[in-house]
$ cat work30.csv   # CSV, C-alpha atoms
chain,number,residue,atom,x,y,z
A,187,MET,CA,-5.1,5.4,-182.6
A,188,SER,CA,-7.5,4.1,-185.2
A,189,LEU,CA,-8.9,0.7,-184.8
A,190,PRO,CA,-9.0,-1.9,-187.7
A,191,ASP,CA,-12.4,-2.5,-189.2
A,192,PHE,CA,-14.4,-5.4,-187.8
A,193,ARG,CA,-17.2,-6.8,-189.8
A,194,PRO,CA,-20.5,-6.6,-188.0
A,195,LEU,CA,-22.0,-9.8,-186.8
A,196,SER,CA,-24.6,-11.5,-189.0
A,197,PRO,CA,-26.7,-14.4,-187.8
A,198,VAL,CA,-25.8,-17.9,-188.9
A,199,PRO,CA,-28.7,-19.1,-191.2
A,200,ILE,CA,-30.5,-22.0,-189.6
A,201,GLU,CA,-32.4,-24.4,-191.8
A,202,PRO,CA,-36.0,-25.3,-191.1
A,203,SER,CA,-37.0,-27.2,-188.0
A,204,ALA,CA,-36.8,-30.6,-189.8
A,205,PHE,CA,-33.2,-30.6,-188.7
A,206,GLU,CA,-34.2,-30.1,-185.1
A,207,SER,CA,-36.6,-33.0,-185.1
A,208,PHE,CA,-33.7,-35.5,-185.3
A,209,PRO,CA,-32.0,-36.7,-182.1
A,210,LEU,CA,-28.7,-35.1,-181.4
A,211,SER,CA,-26.7,-38.3,-181.9
A,212,MET,CA,-28.2,-38.7,-185.4
A,213,ARG,CA,-27.6,-35.1,-186.5
A,214,ARG,CA,-23.9,-35.4,-186.1
A,215,TRP,CA,-23.7,-38.3,-188.5
A,216,SER,CA,-23.4,-37.9,-192.3
A,217,VAL,CA,-22.4,-40.3,-195.0
A,218,ARG,CA,-19.1,-38.5,-195.2
A,219,ARG,CA,-18.5,-38.7,-191.4
A,220,THR,CA,-19.5,-42.4,-191.3
A,221,LEU,CA,-17.0,-43.2,-194.0
A,222,ALA,CA,-14.3,-41.2,-192.3
A,223,ARG,CA,-14.9,-43.2,-189.1
A,224,LEU,CA,-14.6,-46.5,-191.0
A,225,VAL,CA,-11.2,-45.6,-192.5
A,226,GLU,CA,-9.9,-43.8,-189.4
A,227,ARG,CA,-7.7,-46.6,-188.1
A,228,LEU,CA,-6.3,-47.3,-191.5
A,229,HIS,CA,-5.6,-43.6,-192.1
A,230,ARG,CA,-3.7,-43.3,-188.7
A,231,TRP,CA,-1.7,-46.4,-189.4
A,232,ARG,CA,-0.8,-45.2,-192.8
A,233,LEU,CA,0.4,-41.8,-191.5
A,234,SER,CA,2.4,-43.4,-188.8
A,235,ALA,CA,4.1,-45.8,-191.2
A,236,LEU,CA,4.7,-42.9,-193.7
A,237,ASN,CA,6.3,-40.7,-191.0
A,238,THR,CA,8.6,-43.5,-189.8
A,239,ARG,CA,9.7,-44.4,-193.4
A,240,VAL,CA,10.1,-40.8,-194.8
A,241,LEU,CA,11.9,-39.4,-191.7
A,242,ARG,CA,14.3,-42.3,-191.3
A,243,PRO,CA,17.2,-40.2,-192.8
A,244,TYR,CA,16.5,-37.5,-190.2
A,245,ARG,CA,16.8,-39.7,-187.1
A,246,ARG,CA,19.3,-38.7,-184.4
A,247,ASP,CA,22.7,-40.4,-184.6
A,248,ASP,CA,24.1,-40.6,-181.1
A,249,GLY,CA,27.5,-41.4,-182.7
A,250,GLN,CA,27.7,-38.0,-184.4
A,251,ALA,CA,29.3,-35.2,-182.4
A,252,LEU,CA,27.1,-32.1,-182.1
A,253,LEU,CA,28.2,-28.9,-183.6
A,254,ALA,CA,29.1,-25.9,-181.4
A,255,GLU,CA,26.5,-23.2,-181.8
A,256,ASP,CA,28.9,-20.9,-183.6
A,257,GLU,CA,29.9,-23.6,-186.1
A,258,GLY,CA,26.5,-23.4,-187.8
A,259,CYS,CA,23.3,-21.5,-187.8
A,260,VAL,CA,20.4,-21.5,-185.3
A,261,VAL,CA,17.0,-22.2,-186.8
A,262,ALA,CA,13.4,-22.2,-185.5
A,263,VAL,CA,10.7,-23.9,-187.6
A,264,GLY,CA,7.0,-23.2,-186.8
A,265,ASP,CA,3.6,-22.3,-188.2
A,266,PHE,CA,4.3,-18.6,-187.9
A,267,GLY,CA,1.5,-17.7,-190.3
A,268,GLY,CA,-1.3,-19.7,-188.7
A,269,LYS,CA,-4.3,-18.6,-186.7
A,270,THR,CA,-4.3,-21.3,-183.9
A,271,GLY,CA,-3.2,-21.0,-180.3
A,272,LEU,CA,-0.2,-23.3,-181.2
A,273,SER,CA,0.8,-20.9,-184.0
A,274,ARG,CA,0.6,-17.9,-181.7
A,275,ALA,CA,2.6,-19.8,-179.1
A,276,ALA,CA,5.3,-20.6,-181.7
A,277,ALA,CA,5.6,-17.0,-182.7
A,278,SER,CA,5.9,-15.9,-179.1
A,279,GLU,CA,8.5,-18.6,-178.4
A,280,ALA,CA,10.5,-17.5,-181.5
A,281,ALA,CA,10.6,-13.9,-180.1
A,282,ARG,CA,12.0,-15.2,-176.8
A,283,LEU,CA,14.5,-17.4,-178.7
A,284,ARG,CA,15.7,-14.4,-180.7
A,285,VAL,CA,16.9,-12.8,-177.4
A,286,ARG,CA,19.0,-15.9,-176.7
A,287,HIS,CA,20.1,-16.3,-180.3
A,288,PRO,CA,20.3,-12.9,-182.0
A,289,GLY,CA,21.0,-14.5,-185.4
A,290,LEU,CA,18.0,-16.8,-185.2
A,291,ILE,CA,16.6,-17.8,-188.6
A,292,LEU,CA,12.9,-18.5,-188.9
A,293,VAL,CA,11.5,-21.1,-191.3
A,294,SER,CA,7.7,-21.1,-191.6
A,295,LEU,CA,5.5,-24.0,-192.4
A,296,THR,CA,2.8,-21.7,-193.7
A,297,PRO,CA,2.9,-18.4,-195.5
A,298,PRO,CA,4.1,-16.0,-192.8
A,299,ALA,CA,2.6,-12.7,-191.9
A,300,PRO,CA,3.5,-9.8,-194.2
A,301,GLY,CA,6.9,-8.4,-193.4
A,302,ALA,CA,8.1,-11.4,-191.3
A,303,SER,CA,11.7,-12.5,-191.8
A,304,VAL,CA,11.6,-16.2,-192.8
A,305,GLN,CA,13.5,-18.4,-195.1
A,306,ASP,CA,13.5,-21.8,-196.7
A,307,GLY,CA,15.8,-24.2,-194.8
A,308,ARG,CA,17.3,-25.6,-198.0
A,309,HIS,CA,18.7,-22.2,-198.9
A,310,LEU,CA,20.9,-22.0,-195.8
A,311,ARG,CA,24.6,-21.8,-196.5
A,312,LEU,CA,25.7,-23.3,-193.2
A,313,PRO,CA,24.8,-26.5,-191.4
A,314,VAL,CA,22.3,-26.2,-188.6
A,315,SER,CA,23.9,-26.3,-185.1
A,316,ARG,CA,20.6,-25.7,-183.1
A,317,LEU,CA,17.2,-26.6,-184.4
A,318,TYR,CA,14.0,-25.6,-182.6
A,319,LEU,CA,11.0,-27.4,-183.9
A,320,LEU,CA,8.1,-25.2,-182.7
A,321,CYS,CA,5.4,-27.5,-183.9
A,322,GLN,CA,3.6,-30.7,-182.9
A,323,PRO,CA,5.0,-34.1,-184.1
A,324,ARG,CA,2.3,-34.4,-186.7
A,325,ARG,CA,4.0,-31.5,-188.5
A,326,LEU,CA,7.5,-32.8,-188.3
A,327,ARG,CA,7.4,-34.6,-191.7
A,328,ARG,CA,6.7,-31.2,-193.3
A,329,ALA,CA,9.2,-29.3,-191.1
A,330,LEU,CA,12.2,-31.6,-191.4
A,331,ARG,CA,11.8,-32.0,-195.2
A,332,LEU,CA,12.4,-28.3,-195.6
A,333,PHE,CA,16.1,-29.3,-195.0
A,334,ALA,CA,18.4,-31.8,-196.4
A,335,PRO,CA,19.2,-34.6,-193.9
A,336,GLU,CA,22.9,-33.7,-193.9
A,337,GLN,CA,22.1,-30.1,-192.9
A,338,LEU,CA,20.7,-31.4,-189.6
A,339,ALA,CA,23.0,-34.4,-189.0
A,340,ARG,CA,24.9,-32.7,-186.2
A,341,ALA,CA,22.3,-30.2,-184.9
A,342,HIS,CA,21.0,-30.3,-181.4
A,343,ARG,CA,17.2,-30.6,-181.8
A,344,THR,CA,14.6,-29.3,-179.5
A,345,GLY,CA,10.9,-30.1,-180.0
A,346,MET,CA,8.2,-27.9,-178.5
A,347,TRP,CA,5.2,-30.1,-177.9
A,348,ALA,CA,2.0,-29.7,-176.0
A,349,TRP,CA,-0.4,-32.5,-175.0
A,350,GLU,CA,-3.8,-32.3,-173.2
A,351,ASN,CA,-4.4,-35.7,-171.7
A,352,ASP,CA,-2.4,-38.2,-169.6
A,353,LEU,CA,-1.9,-40.7,-172.5
A,354,PHE,CA,1.0,-40.1,-174.8
A,355,PRO,CA,-0.3,-40.7,-178.3
A,356,ARG,CA,0.8,-43.8,-180.1
A,357,ASP,CA,1.2,-41.9,-183.4
A,358,TRP,CA,3.8,-39.6,-181.8
A,359,HIS,CA,6.3,-42.3,-181.0
A,360,PHE,CA,8.1,-41.9,-184.3
A,361,ALA,CA,9.1,-38.4,-183.2
A,362,LEU,CA,11.0,-39.5,-180.2
A,363,GLU,CA,13.9,-40.6,-182.5
A,364,LEU,CA,14.0,-37.2,-184.2
A,365,VAL,CA,14.8,-34.8,-181.3
A,366,ASP,CA,17.3,-34.5,-178.4
A,367,GLU,CA,15.0,-32.9,-175.9
A,368,ILE,CA,11.4,-31.8,-175.5
A,369,TRP,CA,10.0,-28.5,-174.2
A,370,THR,CA,6.4,-28.5,-173.1
A,371,PRO,CA,4.4,-25.6,-171.5
A,372,SER,CA,3.1,-27.3,-168.3
A,373,GLU,CA,3.7,-30.1,-165.8
A,374,PHE,CA,0.3,-31.5,-166.9
A,375,SER,CA,1.6,-31.9,-170.4
A,376,ALA,CA,5.1,-33.0,-169.3
A,377,ALA,CA,3.7,-36.0,-167.3
A,378,ALA,CA,2.2,-37.6,-170.4
A,379,ILE,CA,5.4,-37.0,-172.5
A,380,ARG,CA,7.7,-38.3,-169.8
A,381,SER,CA,5.7,-41.6,-169.7
A,382,ALA,CA,6.8,-42.3,-173.3
A,383,GLY,CA,10.5,-42.6,-173.0
A,384,ALA,CA,13.8,-41.4,-171.5
A,385,LEU,CA,14.3,-38.1,-173.5
A,386,PRO,CA,14.8,-35.0,-171.3
A,387,VAL,CA,11.5,-33.2,-170.9
A,388,HIS,CA,11.6,-29.6,-169.7
A,389,VAL,CA,8.7,-27.5,-168.6
A,390,VAL,CA,9.0,-24.1,-170.5
A,391,PRO,CA,5.7,-22.1,-170.0
A,392,HIS,CA,4.7,-20.2,-173.1
A,393,HIS,CA,6.1,-16.7,-173.3
A,394,VAL,CA,3.1,-14.4,-172.8
A,395,GLU,CA,3.3,-10.7,-173.3
A,396,VAL,CA,0.4,-8.2,-173.6
A,397,ASP,CA,0.6,-4.6,-174.8
A,398,PRO,CA,-0.7,-2.4,-172.0
A,399,HIS,CA,-1.2,0.5,-174.4
A,400,LEU,CA,-3.4,-1.4,-176.9
A,401,THR,CA,-7.0,0.0,-177.1
A,402,ALA,CA,-10.0,-2.2,-177.2
A,403,ALA,CA,-12.1,-2.9,-180.3
A,404,ASP,CA,-15.3,-0.9,-180.6
A,405,ARG,CA,-18.1,-2.9,-178.9
A,406,ALA,CA,-20.6,-1.4,-181.3
A,407,ALA,CA,-19.1,-3.4,-184.2
A,408,PHE,CA,-20.3,-6.5,-182.4
A,409,GLY,CA,-23.7,-5.1,-181.4
A,410,VAL,CA,-22.7,-4.9,-177.7
A,411,PRO,CA,-24.0,-1.9,-175.6
A,412,PRO,CA,-21.1,0.1,-174.1
A,413,ASP,CA,-22.4,-0.5,-170.5
A,414,ALA,CA,-23.1,-4.2,-171.0
A,415,PHE,CA,-21.3,-6.9,-169.0
A,416,LEU,CA,-19.4,-8.6,-171.7
A,417,GLY,CA,-18.0,-12.1,-171.6
A,418,LEU,CA,-15.8,-13.6,-174.2
A,419,ALA,CA,-15.0,-17.2,-175.1
A,420,ILE,CA,-12.5,-18.1,-177.8
A,421,MET,CA,-12.1,-21.6,-179.1
A,422,ASP,CA,-11.0,-23.6,-182.2
A,423,ILE,CA,-13.3,-26.6,-182.6
A,424,LYS,CA,-12.1,-27.8,-186.0
A,425,VAL,CA,-11.0,-31.2,-184.7
A,426,CYS,CA,-12.4,-31.7,-181.2
A,427,PRO,CA,-15.4,-29.7,-180.1
A,428,GLU,CA,-15.8,-31.9,-177.0
A,429,ARG,CA,-12.5,-30.6,-175.5
A,430,LYS,CA,-13.5,-27.0,-175.8
A,431,ASN,CA,-17.0,-27.8,-174.7
A,432,PRO,CA,-18.9,-24.8,-176.2
A,433,TRP,CA,-22.3,-26.1,-175.0
A,434,ALA,CA,-21.3,-25.6,-171.3
A,435,HIS,CA,-20.5,-22.0,-172.0
A,436,VAL,CA,-24.0,-21.3,-173.3
A,437,LYS,CA,-25.6,-23.2,-170.5
A,438,ALA,CA,-23.5,-21.4,-167.8
A,439,TRP,CA,-24.2,-18.0,-169.2
A,440,GLN,CA,-28.0,-18.7,-169.4
A,441,GLN,CA,-28.0,-20.0,-165.9
A,442,ALA,CA,-26.2,-16.9,-164.7
A,443,PHE,CA,-28.1,-14.2,-166.6
A,444,GLY,CA,-31.0,-15.8,-168.5
A,445,ASP,CA,-31.7,-13.7,-171.7
A,446,CYS,CA,-30.8,-10.3,-170.1
A,447,PRO,CA,-29.7,-8.1,-173.0
A,448,ASN,CA,-27.2,-6.3,-170.8
A,449,HIS,CA,-25.2,-9.4,-170.2
A,450,VAL,CA,-23.7,-10.5,-173.5
A,451,LEU,CA,-21.5,-13.5,-174.3
A,452,LEU,CA,-19.5,-13.6,-177.5
A,453,ILE,CA,-18.1,-17.0,-178.5
A,454,LYS,CA,-15.4,-16.7,-181.1
A,455,LEU,CA,-15.6,-20.0,-182.9
A,456,ARG,CA,-13.4,-21.6,-185.6
A,457,CYS,CA,-15.1,-24.7,-187.2
A,458,SER,CA,-14.4,-27.2,-189.9
A,459,GLU,CA,-16.9,-28.6,-192.3
A,460,ALA,CA,-17.2,-31.7,-190.0
A,461,THR,CA,-17.9,-29.6,-186.9
A,462,ARG,CA,-20.3,-27.0,-188.5
A,463,ILE,CA,-23.1,-29.0,-186.8
A,464,VAL,CA,-22.0,-27.5,-183.5
A,465,GLU,CA,-23.0,-24.0,-184.7
A,466,ARG,CA,-26.5,-25.3,-185.3
A,467,GLU,CA,-26.6,-26.9,-181.8
A,468,LEU,CA,-25.5,-23.7,-180.1
A,469,HIS,CA,-28.1,-21.6,-182.0
A,470,GLU,CA,-30.7,-24.1,-180.9
A,471,MET,CA,-29.6,-23.7,-177.3
A,472,VAL,CA,-29.7,-19.9,-177.5
A,473,GLY,CA,-33.1,-19.9,-179.1
A,474,GLY,CA,-34.6,-16.4,-179.4
A,475,ALA,CA,-32.2,-14.9,-176.8
A,476,GLY,CA,-29.8,-12.3,-178.3
A,477,ASN,CA,-27.3,-12.2,-175.5
A,478,VAL,CA,-25.2,-15.2,-176.6
A,479,ARG,CA,-23.7,-14.8,-180.1
A,480,LEU,CA,-21.1,-16.5,-182.3
A,481,VAL,CA,-18.2,-14.6,-183.9
A,482,ARG,CA,-16.9,-16.5,-186.9
A,483,GLN,CA,-14.5,-14.1,-188.6
A,484,ASP,CA,-10.7,-14.6,-188.4
A,485,PHE,CA,-8.6,-11.8,-186.9
A,486,SER,CA,-5.1,-10.6,-187.3
A,487,ASP,CA,-2.9,-10.9,-184.1
A,488,ARG,CA,-3.6,-7.2,-183.4
A,489,GLN,CA,-7.3,-7.5,-184.0
A,490,GLN,CA,-7.4,-10.6,-181.7
A,491,ALA,CA,-5.7,-8.6,-178.9
A,492,GLN,CA,-8.2,-5.7,-179.4
A,493,PHE,CA,-11.1,-8.1,-179.4
A,494,GLN,CA,-9.8,-9.6,-176.1
A,495,ARG,CA,-9.5,-6.1,-174.6
A,496,MET,CA,-13.3,-5.6,-174.8
A,497,ALA,CA,-14.0,-8.3,-172.2
A,498,ASP,CA,-15.3,-7.9,-168.7
A,499,VAL,CA,-14.7,-11.7,-168.1
A,500,TYR,CA,-13.2,-14.5,-170.0
A,501,LEU,CA,-15.0,-17.9,-169.8
A,502,SER,CA,-13.3,-21.2,-170.5
A,503,LEU,CA,-15.2,-24.3,-169.5
A,504,HIS,CA,-12.8,-26.6,-171.3
A,505,ARG,CA,-12.3,-30.3,-170.6
A,506,ALA,CA,-8.5,-30.2,-170.8
A,507,GLU,CA,-5.8,-27.7,-171.7
A,508,ALA,CA,-2.1,-28.4,-172.3
A,509,TYR,CA,-1.5,-24.7,-171.3
A,510,GLY,CA,-4.4,-22.5,-172.0
A,511,LEU,CA,-2.8,-19.5,-173.9
A,512,ASN,CA,-6.0,-17.4,-174.0
A,513,ILE,CA,-6.6,-18.0,-170.3
A,514,ARG,CA,-3.1,-16.7,-169.5
A,515,GLU,CA,-3.4,-13.8,-171.8
A,516,PHE,CA,-6.6,-12.6,-170.2
A,517,LEU,CA,-5.1,-13.0,-166.8
A,518,GLU,CA,-2.1,-10.9,-167.8
A,519,MET,CA,-4.5,-8.2,-169.1
A,520,GLN,CA,-6.1,-8.1,-165.6
A,521,VAL,CA,-9.4,-9.4,-167.1
A,522,PRO,CA,-11.2,-11.8,-164.7
A,523,VAL,CA,-11.2,-15.4,-165.8
A,524,VAL,CA,-13.8,-18.1,-165.0
A,525,ALA,CA,-12.2,-21.4,-166.1
A,526,THR,CA,-12.5,-25.1,-165.4
A,527,HIS,CA,-10.0,-25.7,-162.6
A,528,TRP,CA,-8.4,-28.7,-164.1
A,529,SER,CA,-5.3,-29.4,-166.3
A,530,ALA,CA,-2.6,-26.9,-167.1
A,531,ASN,CA,-4.3,-23.7,-166.0
A,532,THR,CA,-4.3,-24.9,-162.4
A,533,GLU,CA,-0.5,-24.4,-162.4
A,534,TYR,CA,-0.6,-20.6,-162.9
A,535,GLY,CA,-4.2,-19.5,-162.5
A,536,PRO,CA,-4.3,-19.4,-158.6
A,537,ALA,CA,-1.4,-16.9,-158.7
A,538,PHE,CA,-3.8,-14.3,-160.0
A,539,ALA,CA,-6.4,-12.7,-157.7
A,540,HIS,CA,-8.9,-12.4,-160.6
A,541,TYR,CA,-8.7,-16.1,-161.5
A,542,HIS,CA,-11.9,-18.0,-160.6
A,543,GLY,CA,-11.6,-21.8,-160.8
A,544,VAL,CA,-14.8,-23.8,-161.7
A,545,ASP,CA,-15.4,-27.1,-159.9
A,546,SER,CA,-15.6,-30.1,-162.1
A,547,ARG,CA,-15.8,-33.9,-162.1
A,548,LEU,CA,-13.7,-36.3,-164.1
A,549,ILE,CA,-15.6,-38.3,-166.8
A,550,ARG,CA,-14.4,-40.9,-169.3
A,551,TYR,CA,-13.4,-39.6,-172.7
A,552,ARG,CA,-16.2,-39.6,-175.2
A,553,ASP,CA,-16.1,-37.7,-178.6
A,554,TRP,CA,-18.0,-38.4,-181.7
A,555,MET,CA,-15.1,-37.0,-183.7
A,556,ARG,CA,-12.7,-39.6,-182.3
A,557,HIS,CA,-9.9,-37.0,-182.3
A,558,TYR,CA,-7.8,-39.0,-179.9
A,559,PRO,CA,-6.6,-42.4,-181.1
A,560,ASP,CA,-6.1,-43.6,-177.5
A,561,HIS,CA,-9.4,-43.6,-175.7
A,562,ASP,CA,-8.7,-44.8,-172.1
A,563,PHE,CA,-8.4,-41.5,-170.3
A,564,SER,CA,-10.6,-39.1,-168.4
A,565,TRP,CA,-11.1,-35.3,-168.6
A,566,ALA,CA,-13.1,-32.7,-166.8
A,567,ASP,CA,-16.8,-31.9,-167.0
A,568,ALA,CA,-17.3,-28.4,-165.6
A,569,ASP,CA,-20.0,-27.6,-163.1
A,570,THR,CA,-22.1,-25.0,-165.0
A,571,ALA,CA,-24.1,-24.1,-161.9
A,572,HIS,CA,-20.8,-23.2,-160.1
A,573,ALA,CA,-19.6,-21.3,-163.2
A,574,ALA,CA,-22.9,-19.3,-163.2
A,575,ARG,CA,-22.4,-18.3,-159.6
A,576,LEU,CA,-18.9,-17.1,-160.3
A,577,LEU,CA,-20.0,-15.2,-163.3
A,578,ARG,CA,-22.7,-13.4,-161.3
A,579,GLN,CA,-20.0,-12.5,-158.7
A,580,VAL,CA,-17.7,-11.1,-161.3
A,581,ALA,CA,-20.6,-9.1,-162.9
A,582,ALA,CA,-21.6,-7.7,-159.5
A,583,ARG,CA,-18.1,-6.2,-159.1
A,584,LYS,CA,-18.1,-4.4,-162.4
A,585,PRO,CA,-18.0,-0.6,-161.9
A,586,ALA,CA,-21.0,1.2,-163.3
A,587,ILE,CA,-20.4,3.4,-166.3
A,588,VAL,CA,-21.2,7.0,-165.4
A,589,ASN,CA,-22.8,9.1,-168.1
A,590,THR,CA,-20.8,12.3,-167.8
A,591,ALA,CA,-23.3,14.2,-170.0
A,592,GLU,CA,-26.1,13.6,-167.5
A,593,THR,CA,-24.0,14.4,-164.4
A,594,ALA,CA,-22.5,17.6,-165.8
$ encode --input "work30.csv" --output "structure tokens"
Amino acid sequence: MSLPDFRPLSPVPIEPSAFESFPLSMRRWSVRRTLARLVERLHRWRLSALNTRVLRPYRRDDGQALLAEDEGCVVAVGDFGGKTGLSRAAASEAARLRVRHPGLILVSLTPPAPGASVQDGRHLRLPVSRLYLLCQPRRLRRALRLFAPEQLARAHRTGMWAWENDLFPRDWHFALELVDEIWTPSEFSAAAIRSAGALPVHVVPHHVEVDPHLTAADRAAFGVPPDAFLGLAIMDIKVCPERKNPWAHVKAWQQAFGDCPNHVLLIKLRCSEATRIVERELHEMVGGAGNVRLVRQDFSDRQQAQFQRMADVYLSLHRAEAYGLNIREFLEMQVPVVATHWSANTEYGPAFAHYHGVDSRLIRYRDWMRHYPDHDFSWADADTAHAARLLRQVAARKPAIVNTAETA
């Protein structure tokens, strides 16, 4: 089986050391970021008011009798063409729903993958009897407006939401009037959602399947020796780098292995313009060592799975997870996982012998991006020294690669 082509890594250009002379807190601020902070509250209020007003025709009407499933069509709406963990979770959930509903119709919020069977909701000939909204509440305005209100008037609506702290967000409250029930992937997430109202909340862990026959990507494409101990970390830091905590990953790896070239950590990173500064900070932490590198290219789903297959260990020193899809996928692949033992992954991780939970302490939420509008919560700060000890233990158990040419 031939592997898809992966572009070789190239170093991220770092500007001269004038940048490094500024304190960390000053580097993260730009005129654009400062202005964004000033209008943040107004922007959130405006979006909340817009969602409430625009989606009023789509509110549930308890006086309307629901259609039987066979009196209409069953539809799932999601970001089936996206690259995020939420998008992959939506696609997996749609696959599971298709078993329950063979005639399931998919409606995508973004251009779907080539060959995917999706439609525009307004082209449906029948009313909708079951509607699965496989997206977060912030996408509901776009999702519901793909339909005429009368198409959904008698549909049973299920929202699939995931939340990663114990405070239900104020700007999600409008969505409670739009669905009949909520599915969420963990008890950790469910606790926050249940605190917001009386809607039924069901814990439905993400549907995770791995292909046991899929081959790994070629390590040489990433400059990794075939016999190296290879760690992977995968994170999207477009909106909240602090939650994924990439700095702790570099620190733990350096504490475990120093700059040993035969112990390599690849951090697959997705940034926004506002969080590009984090790349600079990580490169500054790495310095001249070549055993911690950033991977910035986007992968197809197949490439992502092949990239995952290269790993000897997966490292996740997150501060909070609503589920932790990558953690679960690596566990299902039988790849050892070293992860902060807090939030949703504590619910399934200990069931796997190759799960290694990292000690942490709870700290107050602090985030220069101000991603969360409600600030009064705590999340985990991983003990990097403990993570380093666990990484060394996993590395010590890796079987040595035998050079058959020399032993023949």
$ closest_residue --input "work30.csv" --among "A:Asp256, A:Asp352, A:Asp545, A:Glu515" --to "Ala377 in chain A" --atoms "all atoms listed in the file"
A:Asp352
$ closest_residue --input "work30.csv" --among "A:Leu353, A:Ala475, A:Met519, A:Cys426" --to "Pro447 in chain A" --atoms "only C-alpha atoms"
A:Ala475
$ residues_around --input "work30.csv" --residues "range 278-292 of chain A" --least-positions-apart "6" --cutoff "6 Å" --atoms "only C-alpha atoms" --output "PDB file with C-alpha atoms, keeping the file's coordinate frame"
ATOM      1  CA  VAL A 260      20.400 -21.500-185.300  1.00  0.00           C
ATOM      2  CA  VAL A 261      17.000 -22.200-186.800  1.00  0.00           C
ATOM      3  CA  ALA A 262      13.400 -22.200-185.500  1.00  0.00           C
ATOM      4  CA  VAL A 263      10.700 -23.900-187.600  1.00  0.00           C
ATOM      5  CA  VAL A 304      11.600 -16.200-192.800  1.00  0.00           C
ATOM      6  CA  HIS A 393       6.100 -16.700-173.300  1.00  0.00           C
TER       7      HIS A 393
END
$ atom_distance --input "work30.csv" --atom1 "CA of Glu336 in chain A" --atom2 "CA of Ala384 in chain A"
25.4 Å
$ atom_distance --input "work30.csv" --atom1 "CA of Trp231 in chain A" --atom2 "CA of Lys430 in chain A"
26.5 Å
$ residues_near_point --input "work30.csv" --point "(-8.9, -14.8, -170.9)" --cutoff "12 Å" --atoms "all atoms listed in the file" --output "PyMOL selection string"
chain A and resi 396+417-421+490-491+493-503+510-525+531+535+540-542
$ closest_residue --input "work30.csv" --among "A:Leu400, A:Pro432, A:Pro323, A:Gly409" --to "Ile368 in chain A" --atoms "all atoms listed in the file"
A:Pro323
$ closest_residue --input "work30.csv" --among "A:Val390, A:Ala275, A:Ala251, A:Ala329" --to "Leu317 in chain A" --atoms "all atoms listed in the file"
A:Ala329
$ closest_residue --input "work30.csv" --among "A:Leu338, A:Ala508, A:Ile549, A:Ala348" --to "Thr532 in chain A" --atoms "all atoms listed in the file"
A:Ala508
$ atom_distance --input "work30.csv" --atom1 "CA of Arg316 in chain A" --atom2 "CA of Asp366 in chain A"
10.5 Å
$ closest_atom_pairs --input "work30.csv" --of "range 394-460 of chain A" --to "range 558-574 of chain A" --cutoff "8 Å" --atoms "only C-alpha atoms" --output "CSV"
residue,atom,partner,partner_atom,distance
A:Ala434,CA,A:Thr570,CA,6.4
A:His435,CA,A:Thr570,CA,7.8
A:Lys437,CA,A:Thr570,CA,6.8
A:Ala438,CA,A:Thr570,CA,4.8
A:Trp439,CA,A:Ala574,CA,6.3
A:Gln441,CA,A:Ala574,CA,5.8
A:Ala442,CA,A:Ala574,CA,4.3
$ residues_around --input "work30.csv" --residues "Ala276 in chain A" --least-positions-apart "6" --cutoff "10 Å" --atoms "all atoms listed in the file" --output "PyMOL selection string"
chain A and resi 262-268+270+282+319-321+346+392-393
$ write_last_selection --input "work30.csv" --atoms "C-alpha atoms" --output "PDB file, keeping the file's coordinate frame"
ATOM      1  CA  ALA A 262      13.400 -22.200-185.500  1.00  0.00           C
ATOM      2  CA  VAL A 263      10.700 -23.900-187.600  1.00  0.00           C
ATOM      3  CA  GLY A 264       7.000 -23.200-186.800  1.00  0.00           C
ATOM      4  CA  ASP A 265       3.600 -22.300-188.200  1.00  0.00           C
ATOM      5  CA  PHE A 266       4.300 -18.600-187.900  1.00  0.00           C
ATOM      6  CA  GLY A 267       1.500 -17.700-190.300  1.00  0.00           C
ATOM      7  CA  GLY A 268      -1.300 -19.700-188.700  1.00  0.00           C
ATOM      8  CA  THR A 270      -4.300 -21.300-183.900  1.00  0.00           C
ATOM      9  CA  ARG A 282      12.000 -15.200-176.800  1.00  0.00           C
ATOM     10  CA  LEU A 319      11.000 -27.400-183.900  1.00  0.00           C
ATOM     11  CA  LEU A 320       8.100 -25.200-182.700  1.00  0.00           C
ATOM     12  CA  CYS A 321       5.400 -27.500-183.900  1.00  0.00           C
ATOM     13  CA  MET A 346       8.200 -27.900-178.500  1.00  0.00           C
ATOM     14  CA  HIS A 392       4.700 -20.200-173.100  1.00  0.00           C
ATOM     15  CA  HIS A 393       6.100 -16.700-173.300  1.00  0.00           C
TER      16      HIS A 393
END
$ closest_residue --input "work30.csv" --among "A:Arg583, A:Val293, A:Pro335, A:Glu465" --to "Arg214 in chain A" --atoms "only C-alpha atoms"
A:Glu465
$ residues_around --input "work30.csv" --residues "Pro427 in chain A" --least-positions-apart "6" --cutoff "9 Å" --atoms "all atoms listed in the file" --output "tab-separated table (two decimals) with C-alpha atoms, in the coordinates of the input"
chain	number	residue	atom	x	y	z
A	421	MET	CA	-12.10	-21.60	-179.10
A	457	CYS	CA	-15.10	-24.70	-187.20
A	461	THR	CA	-17.90	-29.60	-186.90
A	464	VAL	CA	-22.00	-27.50	-183.50
A	553	ASP	CA	-16.10	-37.70	-178.60
A	555	MET	CA	-15.10	-37.00	-183.70
$ residues_near_point --input "work30.csv" --point "(21.8, -39.0, -175.1)" --cutoff "10 Å" --atoms "only C-alpha atoms" --output "number ranges by chain"
A: 246-249, 366-367, 384-386
$ residues_around --input "work30.csv" --residues "Tyr244 in chain A" --least-positions-apart "5" --cutoff "10 Å" --atoms "all atoms listed in the file" --output "list of chain:residue names"
A:Thr238, A:Arg327, A:Leu330, A:Arg331, A:Phe333, A:Ala334, A:Pro335, A:Glu336, A:Gln337, A:Leu338, A:Ala339, A:Glu363, A:Leu364, A:Val365
